[in-house]
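Source file: target_14.txt; contents: compact mmCIF, C-alpha atoms.
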```
# COMPACT_ATOMS: atom_id res chain seq x y z
CA MET A 1 40.32 89.34 -248.42
CA THR A 2 42.64 89.07 -251.39
CA PRO A 3 45.75 91.20 -250.96
CA LEU A 4 47.54 93.01 -253.70
CA PRO A 5 50.13 90.75 -255.32
CA GLY A 6 53.31 90.99 -253.31
CA ALA A 7 51.74 93.45 -250.85
CA ASP A 8 51.78 91.13 -247.83
CA VAL A 9 48.62 92.66 -246.41
CA LEU A 10 48.46 89.70 -244.04
CA PRO A 11 51.34 87.56 -242.83
CA GLU A 12 51.40 84.14 -244.44
CA GLY A 13 49.10 81.65 -242.79
CA GLU A 14 47.08 84.21 -240.80
CA SER A 15 43.43 85.04 -241.23
CA PRO A 16 42.18 88.56 -240.58
CA ARG A 17 41.19 87.56 -237.03
CA GLN A 18 44.58 86.12 -236.07
CA LEU A 19 46.21 89.09 -234.40
CA THR A 20 49.34 88.19 -232.48
CA HIS A 21 52.11 89.90 -230.54
CA ALA A 22 54.54 88.75 -233.25
CA ARG A 23 52.48 90.51 -235.89
CA VAL A 24 52.48 93.77 -233.90
CA LEU A 25 56.25 93.55 -233.46
CA LYS A 26 56.73 92.82 -237.16
CA ILE A 27 55.06 96.15 -237.92
CA ALA A 28 56.56 98.18 -235.06
CA VAL A 29 60.24 97.19 -234.94
CA PRO A 30 61.17 98.38 -238.47
CA VAL A 31 59.52 101.74 -237.72
CA VAL A 32 61.52 102.14 -234.51
CA LEU A 33 64.73 101.25 -236.38
CA SER A 34 63.80 103.66 -239.18
CA ASN A 35 63.24 106.45 -236.67
CA ALA A 36 66.61 105.74 -235.10
CA THR A 37 68.32 106.62 -238.37
CA VAL A 38 66.75 110.09 -238.60
CA PRO A 39 69.16 111.95 -236.24
CA ILE A 40 72.16 110.38 -237.98
CA LEU A 41 71.60 112.27 -241.22
CA GLY A 42 71.33 115.62 -239.43
CA ALA A 43 74.55 114.90 -237.56
CA VAL A 44 76.39 114.03 -240.80
CA ASP A 45 75.08 117.15 -242.57
CA THR A 46 76.32 119.28 -239.68
CA GLY A 47 79.60 117.37 -239.42
CA VAL A 48 80.63 117.66 -243.05
CA ILE A 49 79.70 121.32 -243.35
CA GLY A 50 81.50 121.93 -240.07
CA GLN A 51 84.73 120.86 -241.74
CA MET A 52 84.71 124.17 -243.58
CA GLY A 53 85.82 125.76 -240.31
CA GLU A 54 83.25 128.57 -240.40
CA ALA A 55 80.07 129.23 -238.42
CA ALA A 56 78.00 130.75 -241.25
CA PRO A 57 77.67 127.57 -243.38
CA ILE A 58 76.48 125.56 -240.37
CA GLY A 59 73.86 128.18 -239.57
CA ALA A 60 72.79 128.39 -243.21
CA VAL A 61 72.20 124.64 -243.51
CA GLY A 62 70.40 124.62 -240.17
CA ILE A 63 68.05 127.48 -241.04
CA GLY A 64 67.44 126.23 -244.59
CA ALA A 65 66.63 122.73 -243.40
CA ILE A 66 64.24 124.02 -240.71
CA VAL A 67 62.36 126.28 -243.14
CA LEU A 68 61.89 123.51 -245.70
CA ALA A 69 60.95 120.98 -243.02
CA ALA A 70 58.29 123.39 -241.75
CA LEU A 71 56.86 123.80 -245.26
CA TYR A 72 56.84 120.07 -245.90
CA TRP A 73 55.35 119.38 -242.46
CA ILE A 74 52.17 121.18 -243.52
CA PHE A 75 51.54 118.21 -245.80
CA GLY A 76 52.30 115.60 -243.13
CA PHE A 77 48.58 114.80 -243.11
CA LEU A 78 49.21 112.91 -246.34
CA ARG A 79 51.09 110.17 -244.51
CA MET A 80 48.44 109.71 -241.81
CA GLY A 81 45.42 110.08 -244.06
CA THR A 82 46.81 107.66 -246.63
CA THR A 83 47.50 105.06 -243.93
CA GLY A 84 43.99 105.11 -242.53
CA LEU A 85 42.17 105.16 -245.86
CA THR A 86 44.36 102.46 -247.39
CA ALA A 87 44.08 100.22 -244.34
CA ASN A 88 40.29 100.54 -244.48
CA ALA A 89 40.26 99.60 -248.16
CA ALA A 90 42.66 96.71 -247.57
CA GLY A 91 40.52 95.41 -244.71
CA ALA A 92 37.45 95.54 -246.93
CA GLY A 93 39.31 93.60 -249.65
CA ASP A 94 38.95 96.47 -252.12
CA ARG A 95 42.13 95.97 -254.17
CA ALA A 96 41.14 98.58 -256.72
CA GLU A 97 40.72 101.30 -254.10
CA VAL A 98 44.04 100.36 -252.45
CA ALA A 99 45.79 100.97 -255.77
CA ALA A 100 43.82 104.13 -256.55
CA LEU A 101 44.66 105.61 -253.14
CA LEU A 102 48.36 105.39 -253.94
CA THR A 103 47.77 107.34 -257.16
CA ARG A 104 45.74 109.99 -255.32
CA ALA A 105 48.40 110.36 -252.64
CA LEU A 106 51.15 110.73 -255.23
CA ILE A 107 49.17 113.31 -257.21
CA ILE A 108 48.61 115.36 -254.04
CA GLY A 109 52.26 115.06 -253.03
CA LEU A 110 53.64 115.98 -256.42
CA GLY A 111 51.16 118.83 -256.80
CA ALA A 112 51.99 120.25 -253.38
CA GLY A 113 55.69 120.06 -254.13
CA LEU A 114 55.28 121.89 -257.44
CA ALA A 115 53.24 124.58 -255.66
CA ILE A 116 56.07 125.12 -253.17
CA ILE A 117 58.58 125.41 -256.03
CA ALA A 118 56.37 127.95 -257.78
CA LEU A 119 55.89 129.99 -254.59
CA GLN A 120 59.41 129.65 -253.24
CA LEU A 121 60.34 133.35 -253.47
CA PRO A 122 57.49 134.70 -251.30
CA LEU A 123 57.69 131.70 -248.97
CA PHE A 124 61.41 132.14 -248.35
CA TRP A 125 60.96 135.90 -247.96
CA LEU A 126 58.36 135.33 -245.24
CA ALA A 127 60.58 132.74 -243.55
CA PHE A 128 63.52 135.15 -243.26
CA LYS A 129 61.22 137.94 -242.10
CA ALA A 130 60.00 135.68 -239.31
CA SER A 131 63.51 134.46 -238.42
CA PRO A 132 66.08 136.99 -239.59
CA ALA A 133 69.73 135.96 -239.95
CA SER A 134 72.94 137.75 -240.83
CA ALA A 135 73.39 138.72 -244.47
CA GLU A 136 76.07 136.05 -244.95
CA VAL A 137 73.99 133.26 -243.42
CA GLU A 138 70.86 134.31 -245.32
CA GLU A 139 72.70 134.35 -248.64
CA MET A 140 74.08 130.84 -248.06
CA ALA A 141 70.72 129.58 -246.80
CA ARG A 142 68.98 130.88 -249.91
CA ALA A 143 71.52 129.08 -252.10
CA TYR A 144 70.94 125.87 -250.13
CA MET A 145 67.15 126.18 -250.28
CA ALA A 146 67.09 127.05 -254.00
CA ILE A 147 68.57 123.61 -254.73
CA ARG A 148 66.75 121.58 -252.11
CA VAL A 149 63.30 122.96 -252.90
CA LEU A 150 63.49 121.32 -256.33
CA SER A 151 62.97 117.97 -254.63
CA ALA A 152 59.85 119.13 -252.78
CA PRO A 153 57.54 116.95 -254.95
CA ALA A 154 59.60 113.90 -254.04
CA ALA A 155 59.85 114.74 -250.33
CA ILE A 156 56.08 115.20 -249.99
CA GLY A 157 55.26 112.32 -252.33
CA ILE A 158 57.24 110.03 -250.02
CA TYR A 159 54.70 110.82 -247.27
CA GLY A 160 52.04 109.15 -249.38
CA VAL A 161 54.25 106.17 -250.21
CA THR A 162 55.12 105.69 -246.54
CA GLY A 163 51.49 105.83 -245.45
CA TRP A 164 50.49 103.34 -248.16
CA LEU A 165 53.17 100.87 -247.06
CA ILE A 166 52.33 101.18 -243.35
CA ALA A 167 48.65 100.51 -244.05
CA GLN A 168 49.56 97.08 -245.43
CA GLU A 169 52.01 96.26 -242.61
CA ARG A 170 54.96 96.65 -244.98
CA THR A 171 57.08 98.61 -242.53
CA THR A 172 60.22 96.74 -243.56
CA GLY A 173 59.77 98.63 -246.82
CA VAL A 174 59.60 101.88 -244.86
CA LEU A 175 62.88 100.97 -243.17
CA VAL A 176 64.50 100.13 -246.53
CA LEU A 177 63.27 103.44 -247.93
CA GLN A 178 64.60 105.50 -245.01
CA VAL A 179 67.95 103.72 -244.82
CA GLY A 180 68.40 103.83 -248.60
CA MET A 181 67.78 107.58 -248.72
CA ASN A 182 70.10 108.22 -245.80
CA LEU A 183 72.92 106.14 -247.26
CA ILE A 184 72.67 107.99 -250.58
CA ASN A 185 72.55 111.33 -248.79
CA ILE A 186 75.51 110.60 -246.52
CA THR A 187 77.65 109.19 -249.35
CA LEU A 188 76.98 112.22 -251.54
CA ASP A 189 77.59 114.58 -248.59
CA LEU A 190 81.08 113.17 -248.27
CA ILE A 191 81.75 113.32 -252.02
CA PHE A 192 80.29 116.75 -252.73
CA VAL A 193 81.46 118.60 -249.60
CA LEU A 194 84.68 116.91 -248.52
CA GLY A 195 85.73 115.63 -251.95
CA LEU A 196 84.61 118.33 -254.36
CA ASP A 197 84.47 121.23 -251.90
CA TRP A 198 80.98 122.32 -252.99
CA GLY A 199 80.15 123.59 -249.51
CA VAL A 200 76.53 124.42 -248.65
CA GLU A 201 75.40 123.73 -252.23
CA GLY A 202 76.96 120.25 -251.95
CA VAL A 203 74.82 119.39 -248.90
CA ALA A 204 71.72 120.61 -250.74
CA ALA A 205 72.58 118.66 -253.90
CA ALA A 206 73.10 115.49 -251.86
CA THR A 207 69.65 115.81 -250.29
CA PHE A 208 68.06 116.69 -253.65
CA ILE A 209 69.40 113.51 -255.25
CA ALA A 210 68.59 111.40 -252.18
CA GLU A 211 64.95 112.52 -252.08
CA TRP A 212 64.29 111.87 -255.76
CA SER A 213 66.10 108.53 -255.42
CA GLY A 214 63.90 107.80 -252.40
CA LEU A 215 60.75 108.43 -254.41
CA ALA A 216 62.03 106.13 -257.17
CA LEU A 217 62.74 103.46 -254.56
CA GLY A 218 59.25 104.04 -253.18
CA PHE A 219 57.76 103.38 -256.61
CA TRP A 220 59.65 100.09 -256.73
CA LEU A 221 58.45 99.12 -253.25
CA CYS A 222 54.88 99.90 -254.32
CA ARG A 223 55.17 98.09 -257.66
CA ALA A 224 52.36 95.70 -256.69
CA ALA A 225 49.90 98.58 -256.98
CA PHE A 226 50.94 99.23 -260.57
CA ARG A 227 49.98 95.67 -261.50
CA VAL A 228 46.36 96.54 -260.73
CA PRO A 229 44.72 98.55 -263.55
CA ALA A 230 42.82 100.67 -261.00
CA TRP A 231 45.93 102.74 -260.25
CA ARG A 232 45.24 104.55 -263.53
CA ASP A 233 41.46 104.19 -263.53
CA TRP A 234 41.00 107.96 -263.65
CA ALA A 235 37.24 107.78 -263.14
CA ARG A 236 37.91 106.06 -259.80
CA VAL A 237 40.98 108.11 -258.90
CA PHE A 238 39.06 111.37 -259.41
CA ASP A 239 35.71 110.09 -258.16
CA PRO A 240 34.13 113.12 -256.42
CA ARG A 241 32.78 111.15 -253.46
CA ARG A 242 36.10 109.47 -252.71
CA LEU A 243 38.03 112.70 -253.22
CA ARG A 244 35.71 114.53 -250.85
CA HIS A 245 36.14 111.87 -248.17
CA MET A 246 39.93 111.97 -248.55
CA ALA A 247 39.90 115.78 -248.43
CA LEU A 248 37.80 115.84 -245.24
CA VAL A 249 40.04 113.30 -243.50
CA ASN A 250 43.19 115.17 -244.50
CA ARG A 251 41.71 118.56 -243.58
CA ASP A 252 40.84 117.44 -240.07
CA ILE A 253 44.25 115.83 -239.54
CA LEU A 254 45.90 119.07 -240.69
CA LEU A 255 43.81 121.16 -238.27
CA ARG A 256 44.60 118.75 -235.45
CA SER A 257 48.31 118.90 -236.26
CA LEU A 258 48.29 122.71 -236.39
CA MET A 259 46.73 122.86 -232.93
CA LEU A 260 49.28 120.38 -231.59
CA GLN A 261 52.08 122.40 -233.13
CA GLY A 262 50.61 125.50 -231.50
CA ILE A 263 51.03 123.89 -228.10
CA PHE A 264 54.68 123.07 -228.79
CA ILE A 265 55.47 126.53 -230.17
CA SER A 266 53.74 128.31 -227.28
CA PHE A 267 55.63 126.10 -224.85
CA MET A 268 58.93 127.30 -226.29
CA PHE A 269 57.86 130.94 -226.39
CA LEU A 270 56.57 130.86 -222.81
CA GLY A 271 59.76 129.12 -221.70
CA ALA A 272 61.78 132.01 -223.12
CA ASP A 273 60.27 134.27 -220.43
CA PHE A 274 62.28 132.38 -217.82
CA GLY A 275 65.63 133.37 -219.32
CA ASP A 276 68.16 131.95 -221.75
CA VAL A 277 69.40 129.25 -219.39
CA GLN A 278 65.94 127.85 -218.72
CA LEU A 279 65.05 128.10 -222.40
CA ALA A 280 68.14 126.06 -223.28
CA ALA A 281 67.33 123.54 -220.55
CA ASN A 282 63.78 123.12 -221.85
CA GLN A 283 65.15 122.55 -225.35
CA VAL A 284 67.45 119.83 -224.01
CA LEU A 285 64.58 118.20 -222.14
CA LEU A 286 62.35 118.23 -225.20
CA GLN A 287 64.77 115.73 -226.73
CA PHE A 288 63.48 113.20 -224.18
CA LEU A 289 60.01 113.78 -225.59
CA GLU A 290 61.32 113.23 -229.12
CA ILE A 291 63.03 109.99 -228.06
CA THR A 292 59.74 108.82 -226.51
CA ALA A 293 57.85 109.65 -229.70
CA TYR A 294 60.36 107.73 -231.82
CA ALA A 295 60.03 104.69 -229.55
CA LEU A 296 56.22 104.71 -229.45
CA ASP A 297 55.69 105.54 -233.13
CA GLY A 298 56.22 101.95 -234.17
CA PHE A 299 53.38 100.68 -231.99
CA ALA A 300 51.12 103.61 -232.90
CA PHE A 301 51.74 102.77 -236.56
CA ALA A 302 50.88 99.14 -235.81
CA ALA A 303 47.60 100.36 -234.37
CA GLU A 304 46.97 102.45 -237.51
CA ALA A 305 47.39 99.47 -239.82
CA LEU A 306 45.57 96.85 -237.73
CA VAL A 307 42.72 99.09 -236.61
CA GLY A 308 42.26 100.39 -240.15
CA GLN A 309 41.98 96.89 -241.55
CA ALA A 310 39.58 95.84 -238.77
CA MET A 311 37.35 98.85 -239.47
CA GLY A 312 37.41 98.05 -243.17
CA ARG A 313 36.15 94.53 -242.37
CA ARG A 314 33.69 95.90 -239.78
CA ASP A 315 35.33 93.49 -237.35
CA ARG A 316 34.63 94.63 -233.77
CA THR A 317 36.59 91.77 -232.23
CA GLY A 318 39.58 92.48 -234.46
CA LEU A 319 39.38 96.18 -233.63
CA ARG A 320 39.42 95.54 -229.90
CA ARG A 321 42.26 93.05 -230.11
CA SER A 322 44.29 95.40 -232.34
CA VAL A 323 43.96 98.15 -229.74
CA LEU A 324 44.73 95.77 -226.89
CA LEU A 325 47.87 94.26 -228.43
CA SER A 326 49.38 97.49 -229.74
CA GLY A 327 48.40 99.33 -226.54
CA THR A 328 49.99 96.68 -224.34
CA TRP A 329 53.30 97.06 -226.15
CA GLY A 330 52.98 100.83 -226.09
CA ALA A 331 52.44 100.79 -222.32
CA ALA A 332 55.39 98.45 -221.79
CA ILE A 333 57.69 100.67 -223.86
CA ALA A 334 56.44 103.74 -221.98
CA VAL A 335 57.31 102.20 -218.62
CA LEU A 336 60.76 101.16 -219.87
CA MET A 337 61.38 104.67 -221.19
CA ALA A 338 60.36 106.19 -217.86
CA LEU A 339 62.76 103.89 -216.00
CA ALA A 340 65.56 104.66 -218.45
CA PHE A 341 65.03 108.41 -218.05
CA ALA A 342 65.01 108.08 -214.26
CA LEU A 343 68.27 106.11 -214.21
CA LEU A 344 70.15 107.64 -217.14
CA GLY A 345 68.54 111.03 -217.62
CA GLY A 346 71.36 112.94 -215.96
CA ALA A 347 73.95 111.29 -218.19
CA VAL A 348 71.86 112.07 -221.30
CA ILE A 349 71.65 115.72 -220.27
CA ASP A 350 75.43 115.84 -219.85
CA LEU A 351 75.86 114.45 -223.38
CA MET A 352 73.59 117.11 -224.83
CA THR A 353 75.20 120.14 -223.21
CA THR A 354 78.47 121.06 -221.55
CA ALA A 355 77.17 124.29 -220.01
CA PRO A 356 77.09 123.77 -216.21
CA GLU A 357 74.16 126.13 -215.62
CA VAL A 358 72.07 124.45 -218.34
CA ARG A 359 72.88 121.00 -216.95
CA GLU A 360 71.80 122.09 -213.48
CA ALA A 361 68.58 123.67 -214.75
CA ALA A 362 67.69 120.61 -216.85
CA ARG A 363 68.25 118.25 -213.92
CA ARG A 364 65.79 120.20 -211.78
CA PHE A 365 63.05 119.43 -214.27
CA LEU A 366 64.09 115.87 -215.14
CA PRO A 367 61.22 114.32 -213.12
CA TRP A 368 58.80 115.73 -215.68
CA MET A 369 60.65 113.75 -218.35
CA VAL A 370 60.23 110.58 -216.31
CA ALA A 371 56.49 111.28 -216.28
CA VAL A 372 56.24 112.04 -220.03
CA PRO A 373 56.12 108.44 -221.37
CA VAL A 374 53.68 107.25 -218.69
CA LEU A 375 51.30 110.19 -218.94
CA GLY A 376 51.61 110.63 -222.70
CA PHE A 377 51.58 107.11 -224.14
CA ALA A 378 47.76 106.91 -224.29
CA SER A 379 47.59 110.03 -226.47
CA TRP A 380 50.18 108.61 -228.89
CA MET A 381 48.53 105.21 -229.09
CA LEU A 382 44.99 106.56 -229.44
CA ASP A 383 46.18 108.87 -232.21
CA GLY A 384 47.20 105.70 -234.06
CA VAL A 385 43.83 104.08 -233.36
CA PHE A 386 41.83 107.05 -234.67
CA ILE A 387 44.11 107.56 -237.69
CA GLY A 388 43.59 103.92 -238.63
CA ALA A 389 39.85 104.28 -238.19
CA THR A 390 39.96 107.49 -240.30
CA ARG A 391 38.05 109.30 -237.54
CA ALA A 392 39.96 112.51 -238.10
CA ARG A 393 37.03 114.67 -237.01
CA ASP A 394 37.20 113.14 -233.55
CA MET A 395 40.95 113.77 -233.49
CA ARG A 396 40.38 117.40 -234.47
CA ASN A 397 37.64 117.98 -231.90
CA MET A 398 39.45 116.27 -229.03
CA MET A 399 42.62 118.18 -229.90
CA ALA A 400 40.64 121.42 -229.70
CA LEU A 401 39.37 120.47 -226.23
CA SER A 402 42.90 119.52 -225.16
CA LEU A 403 44.21 122.86 -226.42
CA LEU A 404 41.62 124.68 -224.29
CA VAL A 405 42.63 122.58 -221.27
CA TYR A 406 46.28 123.44 -221.93
CA ILE A 407 45.54 127.16 -222.16
CA ALA A 408 43.61 127.04 -218.89
CA ALA A 409 46.40 125.08 -217.20
CA VAL A 410 49.01 127.60 -218.38
CA MET A 411 46.95 130.49 -217.05
CA VAL A 412 46.52 128.84 -213.66
CA LEU A 413 49.83 127.01 -213.11
CA VAL A 414 52.54 129.17 -214.71
CA PRO A 415 51.97 132.25 -212.51
CA VAL A 416 52.16 130.03 -209.40
CA MET A 417 54.78 127.44 -210.33
CA GLY A 418 56.84 129.14 -213.05
CA ASN A 419 58.63 126.71 -215.38
CA HIS A 420 57.35 123.76 -213.33
CA GLY A 421 53.85 125.01 -214.07
CA LEU A 422 54.67 125.24 -217.76
CA TRP A 423 55.82 121.62 -217.85
CA ALA A 424 52.76 120.57 -215.83
CA ALA A 425 50.45 122.33 -218.32
CA PHE A 426 52.31 120.69 -221.20
CA LEU A 427 51.80 117.21 -219.77
CA VAL A 428 48.20 118.01 -218.87
CA SER A 429 47.56 118.57 -222.61
CA PHE A 430 48.76 115.03 -223.34
CA VAL A 431 46.61 113.58 -220.57
CA ALA A 432 43.60 115.55 -221.82
CA ARG A 433 44.11 114.23 -225.34
CA GLY A 434 44.34 110.67 -224.08
CA ILE A 435 41.20 110.99 -221.94
CA THR A 436 39.07 112.73 -224.57
CA LEU A 437 40.04 110.28 -227.32
CA GLY A 438 39.46 107.41 -224.90
CA LEU A 439 35.93 108.66 -224.29
CA ARG A 440 35.30 108.54 -228.04
CA TYR A 441 36.66 105.00 -228.45
CA PRO A 442 33.37 103.17 -227.70
CA ALA A 443 31.88 104.87 -230.76
CA LEU A 444 34.48 103.10 -232.91
CA GLU A 445 33.47 99.71 -231.57
CA ALA A 446 29.81 100.55 -232.04
CA GLU A 447 30.43 101.47 -235.66
CA ALA A 448 32.45 98.30 -236.29
CA ALA A 449 29.66 96.24 -234.74
CA ARG A 450 27.11 97.77 -237.12
CA GLY A 451 28.96 96.15 -240.03
```
Transcribe the structure of this file into structure tokens.
Amino acid sequence: MTPLPGADVLPEGESPRQLTHARVLKIAVPVVLSNATVPILGAVDTGVIGQMGEAAPIGAVGIGAIVLAALYWIFGFLRMGTTGLTANAAGAGDRAEVAALLTRALIIGLGAGLAIIALQLPLFWLAFKASPASAEVEEMARAYMAIRVLSAPAAIGIYGVTGWLIAQERTTGVLVLQVGMNLINITLDLIFVLGLDWGVEGVAAATFIAEWSGLALGFWLCRAAFRVPAWRDWARVFDPRRLRHMALVNRDILLRSLMLQGIFISFMFLGADFGDVQLAANQVLLQFLEITAYALDGFAFAAEALVGQAMGRRDRTGLRRSVLLSGTWGAAIAVLMALAFALLGGAVIDLMTTAPEVREAARRFLPWMVAVPVLGFASWMLDGVFIGATRARDMRNMMALSLLVYIAAVMVLVPVMGNHGLWAAFLVSFVARGITLGLRYPALEAEAARG
């Protein structure tokens, strides 16, 4: 295939069939490093606003950021759908469609962001009805959100840019984008809050500028697409058949993500029945799950790109080798994470909380965290495989089955085992997702072989 100029769809000197461990690592490592920078920004936001010496501003930034993140998360399908579709087009050597997909993703992202801006009043009203705060915190949060929401088109548009870059194995660009945004945000946090004393509005303004700057940087990273006339071939961009396919893929990914989110939310709500201490302990332990996800994301993204390209070429051998190489690294990382949690988990818990009763409660359930990477890695990796193959309907259906298994496990295990039963049901949902997606994998190979 002929890659986009400067797009580096394939590493120099490699044919589409030359899939190596080095190539997987080249995709995965920048993603892992990019993920590692995510908590830093939140810590800086909290740290600078904490210098005001009051609790209300910290709570306002926290609530405002959570509400906006939840709204933006609805459009997270754009990242995954764009990756799979673009990887398929790149694998098929369809340069025009690769460029047009970037335009479609940006139009969706910008349109969604403008819709959120237009509907901000009812959306924020609903958010504060669902999670009421004190009058002081709510007033500050509204001031924060009124500024930050103006960068919604950029924040959601970046999902499309990120997916487009991952599809072509350009994850170093993803790292540059994430680090660049964070550096701008942190620098402006310090200037606006500590230097100019703008308070909550200063944190919001810093993020607003960082997100629009990030989108501009994304355009520069994707400049190869703008050298291909197809990016503004409106007949292709708005082709009904292609739009329908993109809509169906994104719809199914959204439904799958909503069901997955339902499991996480119900887990927290059910955990609240065991008291404040256990609820806090579960929240601490969920950070182990987040760490695992950050570590495995890189290899799941590698699977998305490589599998997507193999499916685009209808290359069964390439598909199988892509799954094998990325899965091998995913399994190795999962085992290392499990060992790290077993040896260092207690120390990590102590870093996260100073409350003796929460530490004790979290330690009782630490063995479940040791099991999380081992039992869950298949679900993470197969998600990447099916995203790359754009088989979102399978992801949706298998997620629905896994949700039913989780509900049944909760009903059976929680009354008998309490919080241990809740954690067992939670992990059972990951195992169910891995098994059900695994059972659908042969269909991917069969389809690739038909090419």
*Selection near Ala210 of chain A, 12 Å with only C-alpha atoms, sequence-local residues under 4 positions removed, as a PyMOL selection string*: chain A and resi 41+148+150-152+154-155+158+177-189+203-206+214-218
_Spatial neighbours of Ser34 of chain A, max dist 12 Å, all atoms listed in the file, sep filter under 4 positions, as a PyMOL selection string_ = chain A and resi 27-30+38-41+162+171-182+294-295+297-298
*When you draw a straight line from atom CA of Pro356 of chain A to atom CA of Gln287 of chain A, how long is it in Å?*
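Value for the atom CA of Pro356 of chain A-atom CA of Gln287 of chain A distance: 18.1 Å.
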*Given the choices A:Arg142, A:Arg242, A:Arg236, A:Arg23, which gets closest to Phe124 of chain A if the distance is worked out from only C-alpha atoms?*
A:Arg142
*Which residue out of A:Ala247, A:Ala60, A:Val372, A:Val228 has the minimum interatomic distance to Ala425 of chain A when all atoms listed in the file are used?*
A:Val372
*What is the distance between atom CA of Asn35 of chain A and atom CA of Ala293 of chain A, in Å to one decimal?*
9.4 Å
*Select all residues near (74.5, 125.4, -240.0) (cut-off 12 Å, inclusive, file coordinates), counting only C-alpha atoms, and output them as a ChimeraX atom specification.*
/A:42-66,133,136-138,140-141,144,199-200,203
If we count all atoms listed in the file, what is near segment 110-114 of chain A at a cut-off of 10 Å, once residues fewer than 3 positions away on the same chain are taken out, given as a PDB file with C-alpha atoms, in the frame of the given file?
```pdb
ATOM      1  CA  LEU A  71      56.860 123.800-245.260  1.00  0.00           C
ATOM      2  CA  TYR A  72      56.840 120.070-245.900  1.00  0.00           C
ATOM      3  CA  ILE A  74      52.170 121.180-243.520  1.00  0.00           C
ATOM      4  CA  PHE A  75      51.540 118.210-245.800  1.00  0.00           C
ATOM      5  CA  ARG A 104      45.740 109.990-255.320  1.00  0.00           C
ATOM      6  CA  ALA A 105      48.400 110.360-252.640  1.00  0.00           C
ATOM      7  CA  LEU A 106      51.150 110.730-255.230  1.00  0.00           C
ATOM      8  CA  ILE A 107      49.170 113.310-257.210  1.00  0.00           C
ATOM      9  CA  ILE A 117      58.580 125.410-256.030  1.00  0.00           C
ATOM     10  CA  ALA A 118      56.370 127.950-257.780  1.00  0.00           C
ATOM     11  CA  LEU A 119      55.890 129.990-254.590  1.00  0.00           C
ATOM     12  CA  GLN A 120      59.410 129.650-253.240  1.00  0.00           C
ATOM     13  CA  VAL A 149      63.300 122.960-252.900  1.00  0.00           C
ATOM     14  CA  LEU A 150      63.490 121.320-256.330  1.00  0.00           C
ATOM     15  CA  SER A 151      62.970 117.970-254.630  1.00  0.00           C
ATOM     16  CA  ALA A 152      59.850 119.130-252.780  1.00  0.00           C
ATOM     17  CA  PRO A 153      57.540 116.950-254.950  1.00  0.00           C
ATOM     18  CA  ALA A 154      59.600 113.900-254.040  1.00  0.00           C
ATOM     19  CA  ALA A 155      59.850 114.740-250.330  1.00  0.00           C
ATOM     20  CA  ILE A 156      56.080 115.200-249.990  1.00  0.00           C
ATOM     21  CA  GLY A 157      55.260 112.320-252.330  1.00  0.00           C
ATOM     22  CA  ILE A 158      57.240 110.030-250.020  1.00  0.00           C
ATOM     23  CA  GLY A 160      52.040 109.150-249.380  1.00  0.00           C
TER      24      GLY A 160
END
```
*Would you mind telling me which residue in A:Asn397, A:Thr20, A:Ser429, A:Thr390 lies nearest to Asn250 of chain A when using only C-alpha atoms?*
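Closest residue, counting only C-alpha atoms: A:Thr390.
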Skip Met399 of chain A itself and residues of its chain fewer than 2 positions away, then list as a PDB file with C-alpha atoms, in the coordinates of the input all residues within 9 Å of it, counting all atoms listed in the file.
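Ended up saving to part-v5.pdb:
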```pdb
ATOM      1  CA  LEU A 255      43.810 121.160-238.270  1.00  0.00           C
ATOM      2  CA  ARG A 256      44.600 118.750-235.450  1.00  0.00           C
ATOM      3  CA  SER A 257      48.310 118.900-236.260  1.00  0.00           C
ATOM      4  CA  MET A 259      46.730 122.860-232.930  1.00  0.00           C
ATOM      5  CA  LEU A 260      49.280 120.380-231.590  1.00  0.00           C
ATOM      6  CA  ASP A 394      37.200 113.140-233.550  1.00  0.00           C
ATOM      7  CA  MET A 395      40.950 113.770-233.490  1.00  0.00           C
ATOM      8  CA  ARG A 396      40.380 117.400-234.470  1.00  0.00           C
ATOM      9  CA  ASN A 397      37.640 117.980-231.900  1.00  0.00           C
ATOM     10  CA  LEU A 401      39.370 120.470-226.230  1.00  0.00           C
ATOM     11  CA  SER A 402      42.900 119.520-225.160  1.00  0.00           C
ATOM     12  CA  LEU A 403      44.210 122.860-226.420  1.00  0.00           C
ATOM     13  CA  LEU A 404      41.620 124.680-224.290  1.00  0.00           C
ATOM     14  CA  SER A 429      47.560 118.570-222.610  1.00  0.00           C
ATOM     15  CA  ALA A 432      43.600 115.550-221.820  1.00  0.00           C
ATOM     16  CA  ARG A 433      44.110 114.230-225.340  1.00  0.00           C
ATOM     17  CA  THR A 436      39.070 112.730-224.570  1.00  0.00           C
ATOM     18  CA  LEU A 437      40.040 110.280-227.320  1.00  0.00           C
TER      19      LEU A 437
END
```
_One decimal, in Å: what's the spacing between atom CA of Ala371 of chain A and atom CA of Gly346 of chain A?_
15.0 Å
_Residue with smallest distance to Arg320 of chain A - pool A:Leu248, A:Leu444, A:Ala378, A:Ala225, counting only C-alpha atoms_ =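 The answer is A:Leu444, which sits nearest to Arg320 of chain A.
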*Rank A:Phe269, A:Phe299, A:Phe264, A:Tyr159 by their smallest atom-to-atom distance to Thr82 of chain A, using all atoms listed in the file, and report the top residue only.*
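Looking at the shortest contact to Thr82 of chain A, the residue is A:Tyr159.
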*asked:* Which residue is closest to Ala446 of chain A? Choose from A:Met311, A:Ile191, A:Val161, A:Ala127 and count all atoms listed in the file.
replied: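 Answer, going by the shortest atom-to-atom distance: A:Met311.
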*Neighbours of Ile387 of chain A within 7 Å (only C-alpha atoms; same-chain residues fewer than 3 positions away dropped), as a PyMOL selection string?*
chain A and resi 80-81+84+304+383-384+390-392
